[in-house]
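**Q** Below is one structure. I have some questions about it.
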Amino acid sequence: RMAGLWPLVAAICYSTHRSPPLRPRSMHQKLCLMRTLAVRGGKTFSVRAENETLRRAYVWSHHIYAKKKKREIPELAKKLDLTGFCSTGKPGFIIVEGGEDKVKRFLVTIKRWPWQRLIVRLQEDSDNGRAFGAFHMTGAGGGEKNDLKEVRRIMEEAGIGQHFETITGIADLRS
């Protein structure tokens with residue numbers, strides 16, 4: 001079965017004017033390729049394996065002001081099929097959820113970027129499914145403080161409000 005997969009993937013990639021991924025050499029690489037590619041109608045789609053763990057990561061940043069980061073964070077999340085949100089301003093927050101490997105790739109990628117301070121405050125596996133339907137951006141504009149009440153509201157609506165104190169370091173917000 002595995003030997004027949006590669007020619008099919010290569011043929012589809014060439015027919016869609018894309019270069020195929022590197023030919024898998026080990027059994028692990030073949031299994032990874034089979035797990036992440038599904039072939040439908042001449043196109044390749046990324047799929048989440050049924051037994052793949054759903055991971056959620058909560059990230060705190062000193063601030064998120066840079067236009068490049070505001071542009072690249074949602075692009076990266078979309079590319080990796082992650083859901084969640086990014087709240088810009090000071091402090092900045094990123095919550096992503098998706099397959100365990102994809103969340104790990106997201107974190108490794110953003111940690112390479114220049115940050116004044118970036119901390120992954122919590123990672124958890126979830127059996128309850130995704131809390132968010134898509135990835136969206138919210139928060140303050142450049143140089144402004146983040147609205148922590150808005151962050152708390154988003155987290156509570158998503159059913160993860162119990163982690164607000166962990167990600168922000170603030171126990172109570174006075175009205």
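In the structure tokens, chains take letters A, B, ... by order of appearance, with residues numbered from 1 within each chain and ligands from 1 in the order shown.
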Excluding Thr83 in chain A and any residue of its chain fewer than 3 positions from it, enumerate the residues within 9 Å of it, using only C-alpha atoms, and give them as JSON, numbers by chain.
**A** {"A": [77, 78, 95, 96, 97, 98, 130, 131, 132, 133, 134, 135, 136]}
**Q** Give me the residues near range 163-165 of chain A as a PyMOL selection string, where near means some atom within 12 Å (using only C-alpha atoms) and where sequence neighbours in that chain fewer than 6 positions away do not count.
**A** chain A and resi 56-60+93+95+121-124+148-157+171-173
**Q** I'd like the interatomic distance between CA of Lys111 in chain A and CA of Glu144 in chain A, to a tenth of an Å.
**A**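 Pair CA of Lys111 in chain A / CA of Glu144 in chain A returns 22.8 Å.
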**Q** How many Å lie between CA of Asp81 in chain A and CA of Lys102 in chain A, rounded to one decimal?
**A**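 Pair CA of Asp81 in chain A / CA of Lys102 in chain A returns 7.8 Å.
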**Q** Would you list, as a list in words, the residues of range 43-118 of chain A that end up in helix (DSSP H, G or I) under DSSP run on this structure's backbone?
**A**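 Matching residues, listed in order: Lys67, Lys68, Lys69, Lys70, Arg71, Glu72, Ile73, Pro74, Glu75, Leu76, Ala77, Lys78, Lys79, Glu100, Asp101, Lys102, Val103, Lys104, Arg105, Phe106, Leu107, Val108, Thr109, Ile110 and Lys111 of chain A.
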**Q** Using DSSP secondary structure from the backbone, list all strand (DSSP E) positions within range 70-164 of chain A, as a PyMOL selection string.
**A** chain A and resi 83-88+92-99+118-126+135-139
